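Peer 1: One file is attached below, run10.cif, containing mmCIF, C-alpha atoms.
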```
data_target
#
loop_
_atom_site.label_atom_id
_atom_site.label_comp_id
_atom_site.auth_asym_id
_atom_site.auth_seq_id
_atom_site.Cartn_x
_atom_site.Cartn_y
_atom_site.Cartn_z
CA MET A 1 -17.09 76.15 78.16
CA GLN A 2 -15.25 79.46 77.74
CA ARG A 3 -11.56 78.92 78.48
CA ASP A 4 -10.06 80.73 81.47
CA ALA A 5 -13.28 82.64 82.19
CA ALA A 6 -13.29 81.72 85.89
CA ALA A 7 -10.59 81.09 88.47
CA ILE A 8 -10.12 79.43 91.84
CA VAL A 9 -9.01 82.14 94.25
CA GLY A 10 -9.32 80.43 97.63
CA ILE A 11 -8.98 76.94 99.08
CA GLY A 12 -9.64 75.58 102.56
CA GLU A 13 -9.64 72.26 104.34
CA THR A 14 -10.02 70.80 107.79
CA ASP A 15 -7.72 68.31 109.42
CA PHE A 16 -8.02 64.74 108.15
CA ALA A 17 -8.34 61.79 110.50
CA LYS A 18 -9.92 58.39 110.93
CA GLU A 19 -12.41 60.00 113.31
CA LEU A 20 -13.17 63.68 113.87
CA LEU A 21 -15.67 64.86 116.48
CA PRO A 22 -17.39 67.71 114.59
CA SER A 23 -20.43 66.91 112.45
CA GLU A 24 -20.22 66.93 108.65
CA THR A 25 -22.04 70.27 108.75
CA SER A 26 -19.47 71.79 111.09
CA LEU A 27 -16.60 70.42 109.01
CA ALA A 28 -18.16 71.87 105.84
CA MET A 29 -18.52 75.32 107.41
CA GLU A 30 -14.92 75.27 108.62
CA ALA A 31 -13.56 74.41 105.18
CA ILE A 32 -15.74 76.97 103.39
CA LEU A 33 -14.85 79.81 105.75
CA LEU A 34 -11.15 78.97 105.46
CA ALA A 35 -11.43 79.09 101.66
CA LEU A 36 -13.19 82.47 101.78
CA GLU A 37 -10.52 83.81 104.13
CA ASP A 38 -7.84 82.54 101.76
CA ALA A 39 -9.54 84.43 98.93
CA GLY A 40 -10.11 87.57 101.00
CA ILE A 41 -13.84 87.52 100.20
CA ASP A 42 -16.63 88.04 102.72
CA ALA A 43 -19.21 85.28 103.00
CA SER A 44 -22.00 87.79 102.35
CA GLU A 45 -20.84 87.99 98.72
CA VAL A 46 -21.36 84.27 98.04
CA ASP A 47 -24.22 83.76 95.59
CA GLY A 48 -23.32 80.41 93.99
CA LEU A 49 -22.97 76.92 95.49
CA ALA A 50 -21.99 73.53 94.07
CA SER A 51 -21.40 70.16 95.67
CA TYR A 52 -21.86 66.41 95.35
CA SER A 53 -25.29 64.79 95.28
CA MET A 54 -23.95 62.53 98.06
CA GLU A 55 -23.23 65.56 100.25
CA THR A 56 -25.33 65.50 103.43
CA THR A 57 -24.97 69.26 104.04
CA ASP A 58 -27.44 71.11 101.83
CA GLU A 59 -27.33 74.53 100.19
CA VAL A 60 -29.86 76.16 102.54
CA GLU A 61 -27.88 75.01 105.56
CA VAL A 62 -24.57 76.20 104.12
CA ALA A 63 -25.88 79.59 103.01
CA ARG A 64 -27.51 80.30 106.35
CA ASN A 65 -24.60 79.21 108.49
CA ILE A 66 -21.84 81.03 106.63
CA GLY A 67 -23.91 84.21 106.30
CA ALA A 68 -24.17 84.15 102.50
CA GLY A 69 -26.24 86.62 100.53
CA GLU A 70 -29.00 85.69 98.08
CA ILE A 71 -28.10 82.51 96.22
CA THR A 72 -28.69 82.70 92.46
CA PHE A 73 -27.09 79.42 91.36
CA PHE A 74 -26.78 76.02 93.01
CA SER A 75 -26.10 72.55 91.65
CA GLN A 76 -25.14 69.05 92.71
CA VAL A 77 -23.27 66.42 90.71
CA GLY A 78 -23.82 62.69 91.09
CA TYR A 79 -21.68 59.57 91.10
CA GLY A 80 -19.47 60.16 94.12
CA GLY A 81 -15.82 60.14 93.16
CA GLY A 82 -16.56 61.22 89.60
CA ALA A 83 -18.14 64.48 90.73
CA GLY A 84 -15.39 66.72 92.14
CA PRO A 85 -14.03 68.38 88.99
CA ALA A 86 -17.59 68.68 87.63
CA CYS A 87 -18.71 70.64 90.70
CA VAL A 88 -15.94 73.15 89.97
CA GLY A 89 -16.57 73.12 86.22
CA GLN A 90 -20.32 73.66 86.48
CA LEU A 91 -19.82 76.56 88.86
CA ALA A 92 -17.21 78.03 86.51
CA MET A 93 -19.76 77.87 83.67
CA ALA A 94 -22.36 79.57 85.87
CA ILE A 95 -19.94 82.39 86.65
CA ALA A 96 -19.02 82.77 82.96
CA ALA A 97 -22.73 82.89 82.08
CA GLY A 98 -23.46 85.54 84.72
CA GLN A 99 -25.63 83.28 86.89
CA CYS A 100 -23.54 84.09 89.96
CA ARG A 101 -20.42 86.07 90.87
CA VAL A 102 -18.83 84.37 93.87
CA GLY A 103 -19.14 80.58 94.05
CA VAL A 104 -18.22 78.02 96.66
CA VAL A 105 -17.65 74.31 96.03
CA TRP A 106 -17.34 71.95 98.99
CA ARG A 107 -17.33 68.34 100.15
CA ALA A 108 -17.63 67.20 103.77
CA ARG A 109 -17.51 63.55 104.69
CA LYS A 110 -17.14 61.25 107.67
CA ARG A 111 -16.17 58.13 105.79
CA GLY A 112 -13.65 57.09 108.43
CA SER A 113 -16.09 57.03 111.34
CA GLY A 114 -19.32 56.56 109.39
CA LYS A 115 -21.22 53.47 108.33
CA ARG A 116 -20.26 51.70 105.10
CA ILE A 117 -23.24 52.00 102.76
CA TRP A 118 -22.72 48.52 101.31
CA SER A 119 -22.98 46.99 104.79
CA ASP A 120 -26.64 48.01 105.09
CA THR A 121 -28.65 45.17 103.60
CA ALA A 122 -31.92 47.06 104.07
CA VAL A 123 -30.96 49.62 101.40
CA GLU A 124 -32.36 48.92 97.96
CA PHE A 125 -29.69 48.31 95.31
CA SER A 126 -29.05 50.84 92.59
CA THR A 127 -29.49 49.44 89.08
CA PRO A 128 -25.76 48.75 88.52
CA ALA A 129 -25.37 47.15 91.95
CA ALA A 130 -28.29 44.82 91.28
CA TRP A 131 -26.10 43.12 88.67
CA THR A 132 -23.12 42.68 90.98
CA ARG A 133 -23.96 42.66 94.70
CA PRO A 134 -26.04 39.44 94.71
CA TRP A 135 -23.14 37.59 93.08
CA GLY A 136 -20.51 38.49 95.63
CA LEU A 137 -19.15 41.85 94.46
CA ILE A 138 -20.14 43.48 97.72
CA ARG A 139 -17.73 46.42 97.86
CA PRO A 140 -16.27 48.79 95.26
CA VAL A 141 -12.88 47.13 95.79
CA ASP A 142 -14.34 43.80 94.63
CA GLU A 143 -15.52 45.40 91.40
CA ILE A 144 -12.22 47.16 90.71
CA ALA A 145 -10.37 43.92 91.48
CA LEU A 146 -12.09 42.38 88.45
CA LEU A 147 -10.91 45.22 86.22
CA ALA A 148 -7.41 44.95 87.69
CA ARG A 149 -7.23 41.22 86.99
CA ARG A 150 -8.39 41.72 83.41
CA TYR A 151 -5.82 44.48 82.93
CA MET A 152 -3.11 42.16 84.20
CA HIS A 153 -4.27 39.41 81.85
CA GLU A 154 -4.61 41.63 78.78
CA TYR A 155 -1.46 43.71 79.09
CA GLY A 156 0.93 41.95 81.43
CA ALA A 157 0.59 44.40 84.29
CA THR A 158 1.82 43.05 87.63
CA ARG A 159 1.28 43.80 91.29
CA ASP A 160 4.63 45.58 91.20
CA HIS A 161 3.09 48.13 88.85
CA PHE A 162 0.28 48.73 91.35
CA ALA A 163 2.96 48.99 94.03
CA ASN A 164 4.68 51.70 91.97
CA VAL A 165 1.53 53.79 92.31
CA ALA A 166 1.11 53.21 96.05
CA LEU A 167 4.78 53.85 96.81
CA ALA A 168 4.97 57.01 94.69
CA PHE A 169 2.00 58.57 96.46
CA ARG A 170 3.24 57.48 99.87
CA LYS A 171 6.52 59.31 99.20
CA MET A 172 4.52 62.46 98.47
CA ALA A 173 2.52 62.06 101.69
CA ASN A 174 5.70 61.53 103.70
CA ARG A 175 6.55 65.19 103.01
CA ASN A 176 3.04 66.54 103.62
CA PRO A 177 2.37 67.36 107.31
CA LYS A 178 -1.42 67.25 106.74
CA ALA A 179 -1.34 63.76 105.25
CA THR A 180 -2.51 60.72 107.19
CA PHE A 181 0.74 58.98 106.27
CA PHE A 182 3.05 61.93 106.88
CA ASP A 183 6.48 60.60 107.87
CA LYS A 184 5.27 56.98 107.61
CA PRO A 185 7.28 55.36 104.81
CA LEU A 186 6.10 52.32 102.87
CA SER A 187 8.55 49.81 101.38
CA ARG A 188 7.94 47.48 98.46
CA GLU A 189 8.40 44.57 100.83
CA GLN A 190 5.71 45.93 103.17
CA TYR A 191 3.39 46.37 100.21
CA HIS A 192 3.77 42.74 99.14
CA GLN A 193 3.40 41.45 102.69
CA ALA A 194 0.16 43.37 103.34
CA ARG A 195 -3.10 41.48 103.77
CA TRP A 196 -5.40 40.87 100.85
CA ILE A 197 -8.53 42.99 100.55
CA SER A 198 -9.81 41.60 97.23
CA ASP A 199 -7.39 39.62 95.08
CA PRO A 200 -5.29 40.98 93.34
CA LEU A 201 -5.60 44.11 95.51
CA CYS A 202 -3.98 44.34 98.93
CA LEU A 203 -4.39 46.81 101.76
CA TYR A 204 -2.17 49.46 100.16
CA ASP A 205 -4.05 49.39 96.85
CA ASN A 206 -7.05 50.87 98.67
CA CYS A 207 -7.76 54.48 99.57
CA LEU A 208 -7.92 55.66 103.15
CA GLU A 209 -11.13 55.94 105.16
CA SER A 210 -11.15 59.57 106.26
CA ASP A 211 -13.18 62.23 108.04
CA GLY A 212 -12.69 65.77 106.78
CA ALA A 213 -13.92 68.56 104.52
CA LEU A 214 -12.54 70.76 101.75
CA ALA A 215 -13.73 73.77 99.79
CA CYS A 216 -12.69 76.22 97.11
CA VAL A 217 -13.89 79.65 95.97
CA LEU A 218 -14.41 80.71 92.35
CA VAL A 219 -14.86 84.13 90.76
CA SER A 220 -14.56 85.55 87.25
CA SER A 221 -11.08 85.97 85.80
CA GLU A 222 -11.51 89.74 85.89
CA ARG A 223 -12.25 89.80 89.59
CA ALA A 224 -9.60 87.16 90.30
CA ARG A 225 -6.82 89.66 89.63
CA ASP A 226 -7.87 91.64 92.73
CA CYS A 227 -8.19 88.73 95.16
CA ARG A 228 -5.80 87.99 98.00
CA ALA A 229 -4.47 84.73 96.57
CA ALA A 230 -2.93 84.17 93.15
CA PRO A 231 -5.65 82.96 90.74
CA VAL A 232 -5.65 79.49 89.18
CA TYR A 233 -7.71 79.49 86.01
CA ILE A 234 -10.23 76.86 84.91
CA HIS A 235 -8.85 76.37 81.41
CA SER A 236 -10.97 73.38 80.37
CA PHE A 237 -13.67 71.21 81.91
CA ALA A 238 -15.43 68.04 80.81
CA GLN A 239 -17.68 65.23 81.99
CA GLY A 240 -17.95 61.77 80.46
CA ILE A 241 -19.91 58.54 80.46
CA SER A 242 -18.68 55.82 78.13
CA ARG A 243 -21.02 54.01 75.74
CA GLN A 244 -22.97 51.17 77.32
CA ALA A 245 -21.46 52.10 80.68
CA HIS A 246 -21.93 50.04 83.81
CA THR A 247 -20.76 51.66 87.02
CA MET A 248 -17.42 50.39 88.34
CA THR A 249 -17.12 47.12 86.41
CA ASN A 250 -18.05 48.49 82.95
CA TYR A 251 -19.53 45.04 82.17
CA TRP A 252 -21.63 46.14 79.25
CA GLY A 253 -18.98 48.15 77.42
CA GLU A 254 -17.34 46.73 74.33
CA ASP A 255 -14.01 47.06 76.15
CA PRO A 256 -14.28 47.26 79.97
CA LEU A 257 -10.77 48.77 80.16
CA MET A 258 -11.87 51.83 78.14
CA GLY A 259 -13.94 53.47 80.86
CA PRO A 260 -15.45 56.94 81.28
CA SER A 261 -12.05 58.68 81.28
CA TRP A 262 -11.79 58.08 77.53
CA ALA A 263 -15.08 59.86 76.84
CA CYS A 264 -14.22 62.64 79.28
CA ALA A 265 -10.74 63.17 77.81
CA LYS A 266 -12.05 63.71 74.28
CA GLN A 267 -14.25 66.57 75.44
CA LEU A 268 -11.62 67.96 77.79
CA TYR A 269 -8.96 68.33 75.10
CA ARG A 270 -11.50 69.44 72.49
CA GLY A 271 -12.09 72.53 74.61
CA SER A 272 -8.44 73.09 75.49
CA GLU A 273 -5.33 74.67 74.05
CA ILE A 274 -3.33 72.34 76.31
CA GLY A 275 -2.79 68.66 75.46
CA PRO A 276 -1.35 65.76 77.46
CA GLY A 277 2.18 66.71 76.41
CA GLU A 278 1.81 70.15 78.00
CA ILE A 279 0.56 68.93 81.39
CA ASP A 280 3.23 69.58 84.04
CA VAL A 281 1.65 67.81 87.02
CA ALA A 282 -1.43 65.62 87.53
CA GLN A 283 -3.86 64.82 90.30
CA ILE A 284 -5.48 61.53 89.25
CA TYR A 285 -8.30 59.98 91.23
CA ASP A 286 -6.88 57.07 93.19
CA ALA A 287 -9.53 55.29 95.21
CA PHE A 288 -7.68 52.15 94.08
CA SER A 289 -4.19 51.94 92.61
CA PRO A 290 -5.19 50.25 89.28
CA LEU A 291 -7.36 53.26 88.42
CA VAL A 292 -4.22 55.33 87.90
CA PRO A 293 -2.67 53.40 84.96
CA LEU A 294 -6.14 53.12 83.40
CA SER A 295 -6.56 56.90 83.69
CA LEU A 296 -3.06 57.57 82.32
CA GLU A 297 -4.16 55.76 79.17
CA GLY A 298 -7.59 57.38 79.02
CA TYR A 299 -6.20 60.91 79.31
CA GLY A 300 -3.58 60.30 76.64
CA PHE A 301 -0.31 60.17 78.55
CA CYS A 302 0.51 56.81 76.96
CA GLU A 303 -0.97 54.27 74.56
CA ARG A 304 -3.44 51.48 75.35
CA GLY A 305 -1.91 48.94 77.69
CA GLU A 306 1.10 51.15 78.52
CA GLY A 307 -0.20 52.71 81.74
CA ALA A 308 1.44 50.10 83.93
CA ALA A 309 4.84 50.59 82.29
CA PHE A 310 4.41 54.37 82.63
CA THR A 311 4.73 53.93 86.41
CA GLU A 312 8.14 52.29 86.15
CA GLY A 313 11.38 54.07 87.02
CA GLY A 314 9.65 56.62 89.26
CA GLY A 315 7.40 57.83 86.45
CA LEU A 316 4.83 59.28 88.90
CA GLU A 317 7.34 60.70 91.36
CA LEU A 318 8.93 64.14 91.57
CA GLY A 319 11.35 64.35 88.68
CA GLY A 320 9.47 61.60 86.83
CA ARG A 321 7.56 61.71 83.55
CA LEU A 322 4.40 63.00 85.24
CA PRO A 323 4.53 63.90 88.96
CA THR A 324 1.15 62.75 90.23
CA ASN A 325 -0.94 63.13 93.40
CA THR A 326 1.65 65.32 95.00
CA SER A 327 -0.16 65.62 98.34
CA GLY A 328 -0.41 61.83 98.68
CA GLY A 329 -3.86 61.50 97.11
CA GLY A 330 -6.61 59.23 98.34
CA LEU A 331 -4.16 56.42 98.99
CA SER A 332 -1.92 58.31 101.42
CA GLU A 333 -3.19 61.82 102.26
CA ALA A 334 -6.94 61.42 102.80
CA TYR A 335 -10.00 60.17 100.98
CA VAL A 336 -12.75 62.78 100.75
CA HIS A 337 -14.13 61.79 97.36
CA GLY A 338 -11.12 63.27 95.58
CA PHE A 339 -11.57 66.89 96.57
CA ASN A 340 -8.05 67.02 98.00
CA LEU A 341 -6.81 66.54 94.42
CA ILE A 342 -8.46 69.84 93.43
CA ASN A 343 -6.92 71.80 96.28
CA GLU A 344 -3.51 70.25 95.64
CA GLY A 345 -3.75 71.22 91.98
CA VAL A 346 -4.27 74.81 93.09
CA ARG A 347 -1.30 74.64 95.48
CA GLN A 348 0.93 73.29 92.72
CA LEU A 349 0.16 76.21 90.42
CA ARG A 350 0.53 78.70 93.24
CA GLY A 351 3.90 77.14 94.03
CA ASP A 352 3.17 76.36 97.68
CA SER A 353 2.72 72.58 97.61
CA CYS A 354 4.80 70.46 99.96
CA ASN A 355 6.00 68.72 96.80
CA SER A 356 6.10 71.62 94.36
CA VAL A 357 6.96 70.76 90.77
CA ALA A 358 9.39 73.45 89.66
CA GLY A 359 7.94 75.77 87.04
CA ALA A 360 4.55 73.99 86.90
CA GLU A 361 2.04 76.02 84.89
CA THR A 362 -0.59 73.38 84.06
CA CYS A 363 -2.32 70.65 86.05
CA LEU A 364 -4.81 67.91 85.19
CA VAL A 365 -7.33 66.97 87.90
CA THR A 366 -9.54 63.94 87.33
CA GLY A 367 -12.53 62.31 88.93
CA GLY A 368 -12.92 58.57 89.35
CA GLU A 369 -12.34 56.10 86.53
CA GLY A 370 -15.06 53.45 86.59
CA VAL A 371 -17.91 55.85 87.33
CA PRO A 372 -19.41 58.70 85.28
CA THR A 373 -16.57 61.13 85.64
CA SER A 374 -15.19 64.62 85.11
CA ALA A 375 -11.87 66.43 84.74
CA LEU A 376 -10.30 69.87 84.79
CA ILE A 377 -7.25 71.42 83.25
CA LEU A 378 -6.00 74.17 85.54
CA ARG A 379 -3.43 76.77 84.54
CA LYS A 380 -1.57 79.67 86.11
#
```
Now, as a test, write the supplied structure out as C-alpha cells.

Peer 2:
Amino acid sequence: MQRDAAAIVGIGETDFAKELLPSETSLAMEAILLALEDAGIDASEVDGLASYSMETTDEVEVARNIGAGEITFFSQVGYGGGAGPACVGQLAMAIAAGQCRVGVVWRARKRGSGKRIWSDTAVEFSTPAAWTRPWGLIRPVDEIALLARRYMHEYGATRDHFANVALAFRKMANRNPKATFFDKPLSREQYHQARWISDPLCLYDNCLESDGALACVLVSSERARDCRAAPVYIHSFAQGISRQAHTMTNYWGEDPLMGPSWACAKQLYRGSEIGPGEIDVAQIYDAFSPLVPLSLEGYGFCERGEGAAFTEGGGLELGGRLPTNTSGGGLSEAYVHGFNLINEGVRQLRGDSCNSVAGAETCLVTGGEGVPTSALILRK
C-alpha cells in the first residue's frame, strides 16, 4: 500500500450503553453523519463504503439513507474483531487506486441488548467452532482462557499482570466522559475479588457488552489538507493469518502463543518507515486482557514472553513505556468490535483525546489477536 496516500478526516460515534433504543441502522446513520459533519463533507460526495462482514446494516441501506451519490467501491472484512483496521486500510487502498474519492467506514452493533450468538444451539457451527464447542469451549472467553493459562505456564505470567491491563484501561476510562466506566474506579483488590468467568479470567478480564456505532471518513491526502478537521494519515496497513491458524485457540499452530499478530506485524512494518520504537501511543484490541501482552510481543514492543512484564510499573498508563487504549478500550469504554480504538487513535494525533499523550505523532491500532487480524499505523 502507498504510504500516507489517504487520511482520516472525520470521526463520529453515538453514545455507548448496555441498551440503546434505536435500531442498528439508526445508530449507523447517526455515527456516519456525525463523521461527515466532523470532516465538513456532504453525504452526496460519498462514493466508497467499507464495513465488517458481521455488520447487519448493508451498503444499499446506508447509501440511500445518508443521501450518498453513486457508490463506486464497497467492501466488507470478515472475522469480527480482526476486521476494523482492515476496513480502513482497504478503503485507503481504494482511494489511492482511484476507485473512490470519499469513503466511509462504520460499525453499528447492539451487543449489549442483543442475543449472544453462541447461545443459539440451532445455528450450525463454523469449522473452527466444530473443534471446540462440543467439548465445552462454548464462548470466546473459554477459548482465550486456554491461551491465557498456557501463557502463564510458559512464561510465568500471573493474574496480577492481567490486572495491570484492566486497571490501566480503567484509569483511562475514568477520565473519558463517554466511557461506560467514566468516574468508576477499579482497585486491584476489586479485580481479585471479582467473580470468575472462565478460569483464569475474571469479570474484569472481559470486554463490555455494548450498544453503539462509530464511523470515520477517508479522502486522499491531497484533499485532506482542505477538510475541516486536521488529517490523520494512513501510513501503513496490513492483514495477517498465521500458518496453520485455528480461530481463537490457535490449536493447530506450531506455537499457539504466536498468533495472527505476528504475521500481520511483519507486513505492517515492511510497508512502514515507522517501527515499534517510534510508536508514541497504541490502541490494542482488548476483548480480553491477556490479548494485550500477546499483542505487545507480536507487534515487537518486547521479546517473546516479555509482554506480561511490559505491563508492570504502569507500562501501559500515561507516562508509561507505551500509553495504550487511552479511551478505555473494549474493557472500560465500550465494545463495538474495536472500532473505538480507531477513533481514539485519530483523537490522539489530533491532540483532543481525554488522555492526550503529549507530542504524539504516531499511533498503532490493532485488530483482535486470536482471529485473522489487521493493523494500522497512523501518523500526523

Peer 1: Measuring between all atoms listed in the file, which one of A:Lys184, A:Arg270, A:Lys18, A:Arg159 shows the shortest distance to Gly114 of chain A?

Peer 2: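 Counting all atoms listed in the file, the residue closest to Gly114 of chain A is A:Lys18.
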
Peer 1: Using all atoms listed in the file for the distances, tell me which of A:Ala245, A:Ala6, A:Leu27, A:Cys87 is nearest to Arg379 of chain A.

Peer 2: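 Smallest distance to Arg379 of chain A is found for A:Ala6.
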
Peer 1: Given the file above and the PyMOL selection byres ((chain A and resi 63) around 10), which residues are selected, and can you give them as a list in words?

Peer 2: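 Given this file, the PyMOL selection byres ((chain A and resi 63) around 10) evaluates to Met29, Ala43, Ser44, Val46, Asp47, Gly48, Leu49, Asp58, Glu59, Val60, Glu61, Val62, Arg64, Asn65, Ile66, Gly67, Ala68, Gly69, Glu70 and Ile71 of chain A.
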
Peer 1: In Å, with one decimal, what is the gap from atom CA of Val336 of chain A to atom CA of Leu33 of chain A?

Peer 2: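 That distance, rounded to one decimal, is 17.9 Å.
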
Peer 1: Return the single residue from A:Cys207, A:Ser221, A:Ile241, A:Arg109 that is closest to Ala96 of chain A, with distances computed using only C-alpha atoms.

Peer 2: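 Closest to Ala96 of chain A, using only C-alpha atoms: A:Ser221.
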
Peer 1: Take the PyMOL selection byres ((chain A and resi 366) around 9), apply it to the structure above, and return the hits as a short mmCIF file (atom, residue, chain, number, x, y, z; two decimals) with C-alpha atoms, keeping the file's coordinate frame.

Peer 2:
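Writing done, so here's selection-v6.cif:
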```cif
data_model
loop_
_atom_site.label_atom_id
_atom_site.label_comp_id
_atom_site.auth_asym_id
_atom_site.auth_seq_id
_atom_site.Cartn_x
_atom_site.Cartn_y
_atom_site.Cartn_z
CA GLY A 82 -16.56 61.22 89.60
CA GLY A 84 -15.39 66.72 92.14
CA PRO A 85 -14.03 68.38 88.99
CA SER A 261 -12.05 58.68 81.28
CA ALA A 282 -1.43 65.62 87.53
CA GLN A 283 -3.86 64.82 90.30
CA ILE A 284 -5.48 61.53 89.25
CA TYR A 285 -8.30 59.98 91.23
CA SER A 295 -6.56 56.90 83.69
CA GLY A 338 -11.12 63.27 95.58
CA LEU A 341 -6.81 66.54 94.42
CA ILE A 342 -8.46 69.84 93.43
CA LEU A 364 -4.81 67.91 85.19
CA VAL A 365 -7.33 66.97 87.90
CA GLY A 367 -12.53 62.31 88.93
CA GLY A 368 -12.92 58.57 89.35
CA GLU A 369 -12.34 56.10 86.53
CA THR A 373 -16.57 61.13 85.64
CA SER A 374 -15.19 64.62 85.11
CA ALA A 375 -11.87 66.43 84.74
CA LEU A 376 -10.30 69.87 84.79
CA ILE A 377 -7.25 71.42 83.25
#
```

Peer 1: Work out how far atom CA of Ile8 of chain A is from atom CA of Asp38 of chain A, in Å to one decimal.

Peer 2: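 The value is 10.6 Å.
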
Peer 1: Which residue is closest to Thr311 of chain A? Choose from A:Leu21, A:Leu214, A:Ala166, A:Ala224 and count only C-alpha atoms.

Peer 2: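 Smallest distance to Thr311 of chain A is found for A:Ala166.
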
Peer 1: Quick one, how far is atom CA of Cys354 of chain A from atom CA of Gly320 of chain A?

Peer 2: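 A separation of 16.5 Å between them.
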
Peer 1: Run the PyMOL selection byres ((chain A and resi 360) around 10) against the file shown and list the residues it catches, as a ChimeraX atom specification.

Peer 2: /A:279-281,348-351,356-359,361-363,379-380

Peer 1: Keeping C-alpha atoms for every residue in the selection just given, could you write it to a file as a PDB file, keeping the file's coordinate frame?

Peer 2:
```pdb
ATOM      1  CA  ILE A 279       0.560  68.930  81.390  1.00  0.00           C
ATOM      2  CA  ASP A 280       3.230  69.580  84.040  1.00  0.00           C
ATOM      3  CA  VAL A 281       1.650  67.810  87.020  1.00  0.00           C
ATOM      4  CA  GLN A 348       0.930  73.290  92.720  1.00  0.00           C
ATOM      5  CA  LEU A 349       0.160  76.210  90.420  1.00  0.00           C
ATOM      6  CA  ARG A 350       0.530  78.700  93.240  1.00  0.00           C
ATOM      7  CA  GLY A 351       3.900  77.140  94.030  1.00  0.00           C
ATOM      8  CA  SER A 356       6.100  71.620  94.360  1.00  0.00           C
ATOM      9  CA  VAL A 357       6.960  70.760  90.770  1.00  0.00           C
ATOM     10  CA  ALA A 358       9.390  73.450  89.660  1.00  0.00           C
ATOM     11  CA  GLY A 359       7.940  75.770  87.040  1.00  0.00           C
ATOM     12  CA  GLU A 361       2.040  76.020  84.890  1.00  0.00           C
ATOM     13  CA  THR A 362      -0.590  73.380  84.060  1.00  0.00           C
ATOM     14  CA  CYS A 363      -2.320  70.650  86.050  1.00  0.00           C
ATOM     15  CA  ARG A 379      -3.430  76.770  84.540  1.00  0.00           C
ATOM     16  CA  LYS A 380      -1.570  79.670  86.110  1.00  0.00           C
TER      17      LYS A 380
END
```

Peer 1: Counting only C-alpha atoms, find residues at most 12 Å from (-4.9, 57.9, 83.7) (file frame) and give them as a PyMOL selection string.

Peer 2: chain A and resi 165+257-262+264-265+276+282-286+289-308+310-311+316+322+324-325+364-370+375

Peer 1: If we count all atoms listed in the file, what is near Ser327 of chain A at a cut-off of 7 Å, once residues fewer than 4 positions away on the same chain are taken out, given as an mmCIF file with C-alpha atoms, in the frame of the given file?

Peer 2:
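Everything below was put into selection28.cif:
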```cif
data_model
loop_
_atom_site.group_PDB
_atom_site.id
_atom_site.type_symbol
_atom_site.label_atom_id
_atom_site.label_comp_id
_atom_site.auth_asym_id
_atom_site.auth_seq_id
_atom_site.Cartn_x
_atom_site.Cartn_y
_atom_site.Cartn_z
ATOM 1 C CA MET A 172 4.520 62.460 98.470
ATOM 2 C CA ALA A 173 2.520 62.060 101.690
ATOM 3 C CA ASN A 176 3.040 66.540 103.620
ATOM 4 C CA GLU A 333 -3.190 61.820 102.260
ATOM 5 C CA GLU A 344 -3.510 70.250 95.640
#
```

Peer 1: With only C-alpha atoms as the counted atoms, please give the residues lying no more than 10 Å from Ala179 of chain A, apart from itself and same-chain residues fewer than 2 positions off, as a list in words.

Peer 2: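 The residues that qualify are Asp15, Phe16, Ala17, Arg170, Met172, Ala173, Asn174, Arg175, Asn176, Pro177, Phe181, Phe182, Asp183, Lys184, Ser327, Gly328, Gly329, Gly330, Ser332, Glu333 and Ala334 of chain A.
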
Peer 1: How would the residues just picked look written out with C-alpha atoms as a PDB file, keeping the file's coordinate frame?

Peer 2:
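Done, and the output landed in out-v3.pdb:
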```pdb
ATOM      1  CA  ASP A  15      -7.720  68.310 109.420  1.00  0.00           C
ATOM      2  CA  PHE A  16      -8.020  64.740 108.150  1.00  0.00           C
ATOM      3  CA  ALA A  17      -8.340  61.790 110.500  1.00  0.00           C
ATOM      4  CA  ARG A 170       3.240  57.480  99.870  1.00  0.00           C
ATOM      5  CA  MET A 172       4.520  62.460  98.470  1.00  0.00           C
ATOM      6  CA  ALA A 173       2.520  62.060 101.690  1.00  0.00           C
ATOM      7  CA  ASN A 174       5.700  61.530 103.700  1.00  0.00           C
ATOM      8  CA  ARG A 175       6.550  65.190 103.010  1.00  0.00           C
ATOM      9  CA  ASN A 176       3.040  66.540 103.620  1.00  0.00           C
ATOM     10  CA  PRO A 177       2.370  67.360 107.310  1.00  0.00           C
ATOM     11  CA  PHE A 181       0.740  58.980 106.270  1.00  0.00           C
ATOM     12  CA  PHE A 182       3.050  61.930 106.880  1.00  0.00           C
ATOM     13  CA  ASP A 183       6.480  60.600 107.870  1.00  0.00           C
ATOM     14  CA  LYS A 184       5.270  56.980 107.610  1.00  0.00           C
ATOM     15  CA  SER A 327      -0.160  65.620  98.340  1.00  0.00           C
ATOM     16  CA  GLY A 328      -0.410  61.830  98.680  1.00  0.00           C
ATOM     17  CA  GLY A 329      -3.860  61.500  97.110  1.00  0.00           C
ATOM     18  CA  GLY A 330      -6.610  59.230  98.340  1.00  0.00           C
ATOM     19  CA  SER A 332      -1.920  58.310 101.420  1.00  0.00           C
ATOM     20  CA  GLU A 333      -3.190  61.820 102.260  1.00  0.00           C
ATOM     21  CA  ALA A 334      -6.940  61.420 102.800  1.00  0.00           C
TER      22      ALA A 334
END
```
